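Data block below; observations after.
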Amino acid sequence: MNKKVLLLLSVTFFSMARAQEATLILNVEDAKTTISKHIYGHFSEHLGRCIYDGFWIDPKLNVPKRDRIRLDVVDALKKINIPNLRWPGGCFADEYHWRDGIGDRKKRPKMVNNNWGGVSEDNSFGTHEFLQLCDLLGTEPYIAGNVGSGTVEEMSKWVEYLNSDGDSPMTQIRKLNGQNKPWKVSFWGVGNESWGCGGNMTAEYYANEYRRYATFARNYASVSLKKIAGGANSADYNWTEVLMRNIPRHLMWGISLHHYTIPTGNWGKKGAATHFDEAEYFNTMKNCLFMDTLVSKHAAIMDKYDRDKQVALVVDEWGIWTDVEPGTHPGFLYQQNSLRDALIAGSTLNIFNNHADRVRMANLAQTVNVLQAIILTKGKEMLLTPTYYVFEMFKNHMEAKLIPFTLSSPDYISNNHKLPAVNVSASIDSSGKVNITLVNIDPKNEITIHANINGKSIGKVKGSILTSKSYTDINTFENKRKVIPANFAGAIISNGKVEIKIPELSVVSLLLY
Ligand code: AHR
């Protein structure tokens with residue numbers, strides 16, 4: 001074969017490989033289910049540098065702060081309207097005794113954080129400090145109470161301390177500590193991972209314990225608790241079945257689910273946050289997209305016991321979990337955050353939106369400096385990770401109505417394995433604007449999506465895109481703006497239809513009106 005023919009053949013093959021098409025049909029008239037803003041929640045544990053040296057800093061650090069709360073972090077979170085913040089754990093919650101974290105900070109007892117590196121915890125960040133943080137953020141607190149090593153009385157008194165307006169020893173102590181009015185905390189976790197670090201219980205045993213703890217976690221006049229049972233570890237469907245069968249509806253607002261994306265699928269050697277090949281990338285995305293199966297299967301079990309979908313599925317821990325950054329404390333779970341993480345965030349949030357009838361709350365693990373963090377800090381410096389920008393691009397979905405759709409996506413094929421290349425969710429807000437978020441996980445192919453929007457005439461489109469050359473690209477303290485959103489001009493409206501050219505490895509958000 002001569003050189004010219006070879007060149008022609010390879011050019012033809014290259015353009016064929018790039019000619020990827022998808023169709024998307026949105027049915028706006030059928031938009032009925034509200035996407036709860038609480039799907040966009042976050043999680044902050046006493047783990048590594050999330051609370052200490054993340055939110056709550058050394059008084060000597062020269063950055064804007066209120067008390068010891070870092071305000072550049074607060075401002076960044078306010079920009080994405082975080083709807084709720086889960087605290088104090090995680091595994092930490094089941095060793096946490098709330099009375100150690102109130103009153104004069106100098107007199108608070110120290111403890112050893114047995115779960116996370118055995119470091120000393122001085123309890124300087126406790127109930128009042130957390131609720132001050134939530135107040136600054138304008139976000140709802142979601143507190144996880146201690147079932148594993150705490151008593152029913154301890155949990156009951158914590159709720160009283162937080163929410164009672166009556167005259168009792170608890171409210172008197174609260175007032176002496178400077179808080180006159182109850183805080184009105186409503187999201188209440190009854191333990192955490194009770195199948196593991198929260199007590200290694202069986203589902204049946206936990207369900208019985210739950211009934212006792214939840215009974216005495218009282219509703220006060222100021223607010224009713226939304227009690228959330230500690231749910232399943234990934235595909236432990238039996239756990240969900242037992243809890244749904246054994247816990248009375250009036251005691252349980254929600255049931256949680258924890259699922260982490262492990263790149264290699266091997267907890268012993270999870271894979272690096274920034275150095276991985278395509279095989280590992282593919283495997284990571286496969287493990288991430290498994291969330292759709294998980295949510296569908298847990299929801300189907302819940303449907304058997306709760307046809308009216310009163311009980312929320314609360315995915316209060318999700319995200320990618322890699323090996324820690326080399327040279328960092330193995331118990332601190334500090335990892336970098338790449339474009340791959342952004343694709344995981346976009347795909348997972350699309351899954352949650354599309355299951356909005358059941359998934360009414362979720363919490364990415366964890367907000368600052370831990371696991372799939374949206375913010376990293378180093379001394380005075382702070383950076384926003386690619387994942388942060390996904391939350392910014394998706395925020396219009398909060399409290400909008402989910403638009404049902406059909407999508408036919410080409411496959412992303414790697415090494416004879418395949419995954420759907422594109423995933424989508426769409427909603428219509430109260431002013432009639434349509435918001436579509438799309439993710440193309442294929443590292444090689446741009447995809448042209450032919451979209452029909454039934455039931456709504458569209459005249460204008462605005463968009464933004466988050467992408468970069470490689471899925472390993474990250475923002476660093478030296479270059480904080482390598483992976484940031486840009487205007488997206490790849491969506492064109494013609495004859496009421498929309499053609500969207502979504503580049504490889506990208507998250508796109510469109511507003512149509
Ligand atoms: O997010 C880190 C840990 O992962 C949490 O403490 C625990 O609940 C889960 O196993």
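In the structure tokens, chains take the letters A, B, ... in the order shown, each chain's residues start at 1, and ligands count up from 1 in the order shown.
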
Report the residues of range 221-431 of chain A whose backbone DSSP state falls under helix (DSSP H, G or I), written as a VMD selection string.
chain A and resid 237 to 246 249 to 251 278 to 305 339 to 354 386 to 397

Would you list the residues that come within 10 Å of ligand 1? Count only C-alpha atoms and all ligand atoms and give the answer as an MDAnalysis selection string.
chainID A and resid 43:47 88:94 115:116 191:194 196:198 230 233 258:260 316:319 321 332:333 364:366 370:372

Could you write out the selected residues, including N, CA, C and O atoms, as a compact mmCIF listing (two decimals), in the first residue's frame?
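Output below, filename again.txt:
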# COMPACT_ATOMS: atom_id res chain seq x y z
N PHE A 43 -20.18 16.57 53.44
CA PHE A 43 -19.87 15.77 54.63
C PHE A 43 -18.55 16.24 55.21
O PHE A 43 -17.57 16.41 54.49
N SER A 44 -18.55 16.48 56.53
CA SER A 44 -17.31 16.93 57.17
C SER A 44 -17.10 16.13 58.45
O SER A 44 -17.87 16.25 59.40
N GLU A 45 -16.07 15.33 58.46
CA GLU A 45 -15.80 14.45 59.60
C GLU A 45 -14.56 14.95 60.35
O GLU A 45 -13.69 15.62 59.78
N HIS A 46 -14.46 14.56 61.61
CA HIS A 46 -13.21 14.79 62.35
C HIS A 46 -12.22 13.75 61.84
O HIS A 46 -12.05 12.68 62.44
N LEU A 47 -11.67 14.02 60.70
CA LEU A 47 -10.81 13.07 60.01
C LEU A 47 -9.73 13.88 59.28
O LEU A 47 -10.07 14.76 58.48
N PRO A 88 -20.66 14.65 63.00
CA PRO A 88 -19.19 14.74 63.02
C PRO A 88 -18.51 13.55 62.34
O PRO A 88 -17.31 13.47 62.28
N GLY A 89 -19.24 12.60 61.88
CA GLY A 89 -18.71 11.47 61.11
C GLY A 89 -19.89 10.82 60.46
O GLY A 89 -21.02 11.31 60.60
N GLY A 90 -19.62 9.75 59.73
CA GLY A 90 -18.49 8.89 59.68
C GLY A 90 -18.25 8.04 60.93
O GLY A 90 -18.97 8.09 61.92
N CYS A 91 -17.20 7.25 60.81
CA CYS A 91 -16.83 6.36 61.92
C CYS A 91 -16.63 7.15 63.21
O CYS A 91 -16.90 6.65 64.29
N PHE A 92 -16.14 8.38 63.07
CA PHE A 92 -15.89 9.20 64.27
C PHE A 92 -17.17 9.38 65.09
O PHE A 92 -17.12 9.47 66.33
N ALA A 93 -18.32 9.43 64.42
CA ALA A 93 -19.58 9.73 65.12
C ALA A 93 -19.87 8.72 66.22
O ALA A 93 -20.44 9.06 67.26
N ASP A 94 -19.49 7.46 66.00
CA ASP A 94 -19.82 6.43 66.97
C ASP A 94 -18.81 6.33 68.12
O ASP A 94 -18.89 5.41 68.94
N ASN A 115 -10.17 6.14 65.06
CA ASN A 115 -10.46 5.75 63.68
C ASN A 115 -9.46 6.33 62.70
O ASN A 115 -9.14 5.70 61.69
N TRP A 116 -9.03 7.56 62.98
CA TRP A 116 -8.28 8.28 61.94
C TRP A 116 -6.92 8.72 62.44
O TRP A 116 -6.72 9.86 62.83
N GLY A 191 -26.66 6.77 64.29
CA GLY A 191 -25.47 5.93 64.09
C GLY A 191 -24.94 6.05 62.67
O GLY A 191 -25.50 6.75 61.82
N ASN A 192 -23.85 5.36 62.44
CA ASN A 192 -23.18 5.36 61.13
C ASN A 192 -22.54 4.00 60.90
O ASN A 192 -21.87 3.47 61.80
N GLU A 193 -22.75 3.44 59.73
CA GLU A 193 -22.13 2.15 59.36
C GLU A 193 -22.17 1.18 60.53
O GLU A 193 -21.13 0.65 60.97
N SER A 194 -23.35 0.94 61.03
CA SER A 194 -23.50 0.06 62.20
C SER A 194 -23.13 -1.38 61.87
O SER A 194 -22.89 -2.20 62.77
N GLY A 196 -20.35 -1.99 60.51
CA GLY A 196 -18.87 -1.99 60.51
C GLY A 196 -18.36 -1.17 61.68
O GLY A 196 -18.59 -1.51 62.85
N CYS A 197 -17.69 -0.05 61.35
CA CYS A 197 -17.05 0.75 62.43
C CYS A 197 -18.05 1.23 63.47
O CYS A 197 -17.66 1.54 64.60
N GLY A 198 -19.32 1.26 63.14
CA GLY A 198 -20.33 1.74 64.09
C GLY A 198 -20.84 0.69 65.04
O GLY A 198 -21.86 0.90 65.72
N GLY A 230 -28.94 4.19 59.68
CA GLY A 230 -27.67 3.85 59.04
C GLY A 230 -27.88 2.68 58.10
O GLY A 230 -28.21 1.58 58.53
N ASN A 233 -24.08 -1.09 53.23
CA ASN A 233 -22.77 -0.96 52.61
C ASN A 233 -22.92 -1.44 51.17
O ASN A 233 -23.14 -2.63 50.93
N HIS A 258 -24.10 3.77 51.63
CA HIS A 258 -22.73 4.24 51.41
C HIS A 258 -22.11 3.46 50.26
O HIS A 258 -22.18 2.23 50.24
N HIS A 259 -21.55 4.19 49.32
CA HIS A 259 -20.83 3.52 48.23
C HIS A 259 -19.68 4.40 47.76
O HIS A 259 -19.88 5.54 47.36
N TYR A 260 -18.49 3.84 47.82
CA TYR A 260 -17.31 4.55 47.34
C TYR A 260 -16.84 3.93 46.03
O TYR A 260 -16.93 2.71 45.83
N ASP A 316 -25.49 9.09 51.98
CA ASP A 316 -24.76 10.11 52.72
C ASP A 316 -23.25 9.91 52.78
O ASP A 316 -22.56 10.65 53.50
N GLU A 317 -22.74 8.96 52.01
CA GLU A 317 -21.30 8.91 51.73
C GLU A 317 -21.12 8.35 50.33
O GLU A 317 -21.52 7.22 50.04
N TRP A 318 -20.52 9.15 49.46
CA TRP A 318 -20.19 8.68 48.11
C TRP A 318 -18.97 9.44 47.63
O TRP A 318 -18.60 10.48 48.17
N GLY A 319 -18.36 8.92 46.57
CA GLY A 319 -17.21 9.59 45.97
C GLY A 319 -16.09 8.60 45.70
O GLY A 319 -16.19 7.41 46.04
N TRP A 321 -12.43 6.98 46.25
CA TRP A 321 -11.49 6.77 47.36
C TRP A 321 -10.24 6.15 46.76
O TRP A 321 -10.27 5.01 46.30
N PHE A 332 -5.11 9.99 57.19
CA PHE A 332 -5.76 11.28 56.95
C PHE A 332 -6.56 11.34 55.64
O PHE A 332 -7.28 12.31 55.38
N LEU A 333 -6.38 10.32 54.81
CA LEU A 333 -7.16 10.18 53.57
C LEU A 333 -7.14 11.44 52.69
O LEU A 333 -8.17 11.87 52.15
N LEU A 364 -21.44 14.13 49.52
CA LEU A 364 -20.14 13.76 48.98
C LEU A 364 -19.12 13.70 50.12
O LEU A 364 -19.10 14.56 51.00
N ALA A 365 -18.25 12.68 50.08
CA ALA A 365 -17.21 12.54 51.10
C ALA A 365 -15.86 12.98 50.49
O ALA A 365 -15.44 12.37 49.51
N GLN A 366 -15.25 13.98 51.12
CA GLN A 366 -15.66 14.90 52.14
C GLN A 366 -15.26 16.30 51.70
O GLN A 366 -14.32 16.44 50.93
N VAL A 370 -10.16 15.86 52.36
CA VAL A 370 -10.33 14.42 52.62
C VAL A 370 -11.10 13.78 51.45
O VAL A 370 -12.12 14.31 51.00
N LEU A 371 -10.59 12.65 50.95
CA LEU A 371 -11.24 11.89 49.87
C LEU A 371 -11.57 12.82 48.70
O LEU A 371 -10.73 13.60 48.29
N GLN A 372 -12.81 12.71 48.15
CA GLN A 372 -13.11 13.51 46.95
C GLN A 372 -13.48 14.94 47.36
O GLN A 372 -14.63 15.38 47.21

Counting only C-alpha atoms, which of A:Leu289, A:Ala207, A:Met155, A:Leu512 gets nearest to Leu251 in chain A?
A:Ala207

Using only C-alpha atoms, what table do you get, as a tab-separated table, when you list each residue of range 403-422 of chain A with an atom no more than 12 Å from range 339-350 of chain A, its nearest pair of atoms, and their distance in Å rounded to one decimal, rows by chain then rising number?
residue	atom	partner	partner_atom	distance
A:Ile403	CA	A:Asn350	CA	11.8
A:Pro420	CA	A:Ser347	CA	11.0
A:Ala421	CA	A:Ser347	CA	10.5
A:Val422	CA	A:Ser347	CA	8.8

List the neighbours of Ile474 in chain A out to 9 Å using only C-alpha atoms; skip same-chain residues closer than 4 positions along the sequence, and give me the result as a VMD selection string.
chain A and resid 274 336 to 339 385 to 386 479 to 483

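Distance-wise, CA of Lys175 in chain A and CA of Gly103 in chain A end up 10.5 Å apart.
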
What does the distance between CA of Phe394 in chain A and CA of Glu478 in chain A come to in Å, to one decimal place?
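Distance between the two atoms: 26.9 Å.
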
Which residues are close to Ser431 in chain A, i.e. within 12 Å by only C-alpha atoms, leaving aside same-chain residues fewer than 4 positions away? Reply as an MDAnalysis selection string.
chainID A and resid 396 399:401 427 435 511:513

Those residues with N, CA, C and O atoms, as a compact mmCIF listing (two decimals), in the first residue's frame please?
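Below is the file that was written, result.txt:
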# COMPACT_ATOMS: atom_id res chain seq x y z
N ASN A 396 -28.32 24.54 39.35
CA ASN A 396 -29.68 24.91 38.92
C ASN A 396 -30.68 23.77 39.04
O ASN A 396 -31.90 23.99 38.96
N GLU A 399 -34.12 21.76 43.56
CA GLU A 399 -35.55 22.09 43.72
C GLU A 399 -36.26 22.31 42.39
O GLU A 399 -37.38 22.82 42.36
N ALA A 400 -35.63 21.95 41.28
CA ALA A 400 -36.32 22.02 39.97
C ALA A 400 -37.03 20.68 39.73
O ALA A 400 -36.81 19.71 40.46
N LYS A 401 -37.87 20.65 38.70
CA LYS A 401 -38.61 19.40 38.42
C LYS A 401 -37.83 18.57 37.41
O LYS A 401 -37.43 19.07 36.35
N SER A 427 -33.82 19.17 34.04
CA SER A 427 -34.89 19.65 34.93
C SER A 427 -35.43 20.97 34.41
O SER A 427 -34.79 21.64 33.58
N ASN A 435 -32.73 23.00 32.35
CA ASN A 435 -31.31 22.83 32.64
C ASN A 435 -30.93 21.39 32.28
O ASN A 435 -31.60 20.45 32.72
N LEU A 511 -28.33 25.79 29.81
CA LEU A 511 -29.56 26.44 30.26
C LEU A 511 -30.30 26.86 29.00
O LEU A 511 -29.77 27.62 28.18
N LEU A 512 -31.53 26.35 28.84
CA LEU A 512 -32.29 26.63 27.63
C LEU A 512 -33.57 27.37 28.00
O LEU A 512 -34.25 26.99 28.96
N TYR A 513 -33.89 28.41 27.24
CA TYR A 513 -35.08 29.20 27.58
C TYR A 513 -35.65 29.87 26.35
O TYR A 513 -35.06 29.82 25.27

Neighbour list for Lys157 in chain A as a PyMOL selection string, cut-off 10 Å, only C-alpha atoms, skip fewer than 5 positions in-chain
chain A and resi 98-99+151-152+162-164+169-171+216-218

Write the residues you've just listed into a file as a short mmCIF file (atom, residue, chain, number, x, y, z; two decimals), in the first residue's frame, and include all heavy atoms for each of them.
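File produced: part.cif:
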data_model
loop_
_atom_site.label_atom_id
_atom_site.label_comp_id
_atom_site.auth_asym_id
_atom_site.auth_seq_id
_atom_site.Cartn_x
_atom_site.Cartn_y
_atom_site.Cartn_z
N TRP A 98 -20.79 14.02 72.75
CA TRP A 98 -21.02 15.45 72.48
C TRP A 98 -20.74 16.36 73.66
O TRP A 98 -20.35 17.51 73.49
CB TRP A 98 -22.45 15.65 71.97
CG TRP A 98 -23.53 15.40 72.99
CD1 TRP A 98 -24.12 14.22 73.30
CD2 TRP A 98 -24.14 16.37 73.85
NE1 TRP A 98 -25.06 14.38 74.28
CE2 TRP A 98 -25.10 15.70 74.64
CE3 TRP A 98 -23.99 17.75 74.03
CZ2 TRP A 98 -25.88 16.36 75.59
CZ3 TRP A 98 -24.77 18.42 74.98
CH2 TRP A 98 -25.70 17.71 75.74
N ARG A 99 -20.90 15.82 74.88
CA ARG A 99 -20.67 16.68 76.06
C ARG A 99 -19.20 17.11 76.16
O ARG A 99 -18.88 18.12 76.78
CB ARG A 99 -21.08 15.95 77.33
CG ARG A 99 -22.60 15.88 77.52
CD ARG A 99 -22.89 15.25 78.87
NE ARG A 99 -24.27 15.26 79.21
CZ ARG A 99 -25.11 14.23 79.03
NH1 ARG A 99 -24.69 13.12 78.45
NH2 ARG A 99 -26.37 14.32 79.42
N THR A 151 -25.02 6.03 74.63
CA THR A 151 -26.26 5.48 75.18
C THR A 151 -27.47 6.17 74.56
O THR A 151 -27.35 7.24 73.95
CB THR A 151 -26.33 5.70 76.70
OG1 THR A 151 -26.32 7.11 76.93
CG2 THR A 151 -25.15 5.04 77.40
N VAL A 152 -28.62 5.55 74.77
CA VAL A 152 -29.88 6.16 74.35
C VAL A 152 -30.03 7.51 75.05
O VAL A 152 -30.43 8.51 74.45
CB VAL A 152 -31.07 5.23 74.69
CG1 VAL A 152 -32.40 5.93 74.46
CG2 VAL A 152 -30.98 3.94 73.89
N LEU A 162 -30.11 20.57 71.73
CA LEU A 162 -30.16 21.29 70.46
C LEU A 162 -31.50 21.96 70.19
O LEU A 162 -31.56 23.09 69.71
CB LEU A 162 -29.89 20.32 69.30
CG LEU A 162 -28.48 19.74 69.22
CD1 LEU A 162 -28.47 18.50 68.33
CD2 LEU A 162 -27.51 20.79 68.68
N ASN A 163 -32.58 21.23 70.51
CA ASN A 163 -33.87 21.64 69.94
C ASN A 163 -34.94 22.05 70.94
O ASN A 163 -35.98 22.56 70.53
CB ASN A 163 -34.43 20.51 69.08
CG ASN A 163 -33.69 20.36 67.76
OD1 ASN A 163 -32.89 21.22 67.40
ND2 ASN A 163 -33.96 19.30 67.03
N SER A 164 -34.73 21.80 72.23
CA SER A 164 -35.82 22.08 73.17
C SER A 164 -35.88 23.56 73.55
O SER A 164 -34.85 24.22 73.73
CB SER A 164 -35.64 21.24 74.44
OG SER A 164 -36.58 21.67 75.40
N PRO A 169 -32.49 20.82 82.55
CA PRO A 169 -31.03 20.94 82.74
C PRO A 169 -30.30 21.14 81.41
O PRO A 169 -29.37 21.96 81.33
CB PRO A 169 -30.66 19.60 83.40
CG PRO A 169 -31.91 19.17 84.09
CD PRO A 169 -33.05 19.67 83.25
N MET A 170 -30.72 20.46 80.38
CA MET A 170 -30.02 20.58 79.09
C MET A 170 -30.14 21.99 78.52
O MET A 170 -29.17 22.57 78.04
CB MET A 170 -30.60 19.58 78.06
CG MET A 170 -30.20 18.15 78.27
SD MET A 170 -28.41 17.93 78.37
CE MET A 170 -28.19 17.59 80.08
N THR A 171 -31.36 22.54 78.57
CA THR A 171 -31.52 23.88 77.96
C THR A 171 -30.83 24.94 78.82
O THR A 171 -30.34 25.94 78.30
CB THR A 171 -33.01 24.22 77.74
OG1 THR A 171 -33.69 24.15 78.98
CG2 THR A 171 -33.66 23.27 76.76
N PHE A 216 -36.40 7.82 71.57
CA PHE A 216 -36.04 8.84 72.57
C PHE A 216 -35.33 10.05 71.98
O PHE A 216 -35.02 11.00 72.71
CB PHE A 216 -35.24 8.19 73.71
CG PHE A 216 -36.08 7.18 74.44
CD1 PHE A 216 -35.97 5.82 74.17
CD2 PHE A 216 -37.05 7.60 75.35
CE1 PHE A 216 -36.78 4.89 74.81
CE2 PHE A 216 -37.87 6.67 75.99
CZ PHE A 216 -37.74 5.32 75.73
N ALA A 217 -35.07 10.01 70.69
CA ALA A 217 -34.61 11.23 70.00
C ALA A 217 -35.90 11.98 69.66
O ALA A 217 -36.52 11.75 68.63
CB ALA A 217 -33.81 10.87 68.75
N ARG A 218 -36.31 12.86 70.58
CA ARG A 218 -37.67 13.43 70.56
C ARG A 218 -37.81 14.57 69.56
O ARG A 218 -36.85 15.26 69.23
CB ARG A 218 -38.00 14.00 71.94
CG ARG A 218 -37.96 13.01 73.06
CD ARG A 218 -39.23 12.23 73.10
NE ARG A 218 -39.31 11.38 74.28
CZ ARG A 218 -40.03 10.27 74.33
NH1 ARG A 218 -40.74 9.89 73.29
NH2 ARG A 218 -40.07 9.55 75.42
#

Distance query Ile301 in chain A at most 8 Å, only C-alpha atoms, self and fewer than 6 positions along chain excluded, as a list in words:
Tyr237, Thr240 and Glu241 of chain A

Selected residues written out with N, CA, C and O atoms, as an mmCIF file, in the first residue's frame:
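Generated output (again.cif):
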data_model
loop_
_atom_site.group_PDB
_atom_site.id
_atom_site.type_symbol
_atom_site.label_atom_id
_atom_site.label_comp_id
_atom_site.auth_asym_id
_atom_site.auth_seq_id
_atom_site.Cartn_x
_atom_site.Cartn_y
_atom_site.Cartn_z
ATOM 1 N N TYR A 237 -28.019 -5.770 50.027
ATOM 2 C CA TYR A 237 -29.463 -5.520 49.869
ATOM 3 C C TYR A 237 -30.255 -6.064 51.058
ATOM 4 O O TYR A 237 -31.317 -5.556 51.395
ATOM 5 N N THR A 240 -30.950 -3.394 53.739
ATOM 6 C CA THR A 240 -32.087 -2.510 53.434
ATOM 7 C C THR A 240 -33.408 -3.242 53.680
ATOM 8 O O THR A 240 -34.352 -2.690 54.253
ATOM 9 N N GLU A 241 -33.458 -4.502 53.246
ATOM 10 C CA GLU A 241 -34.675 -5.313 53.402
ATOM 11 C C GLU A 241 -35.060 -5.405 54.888
ATOM 12 O O GLU A 241 -36.207 -5.160 55.264
#
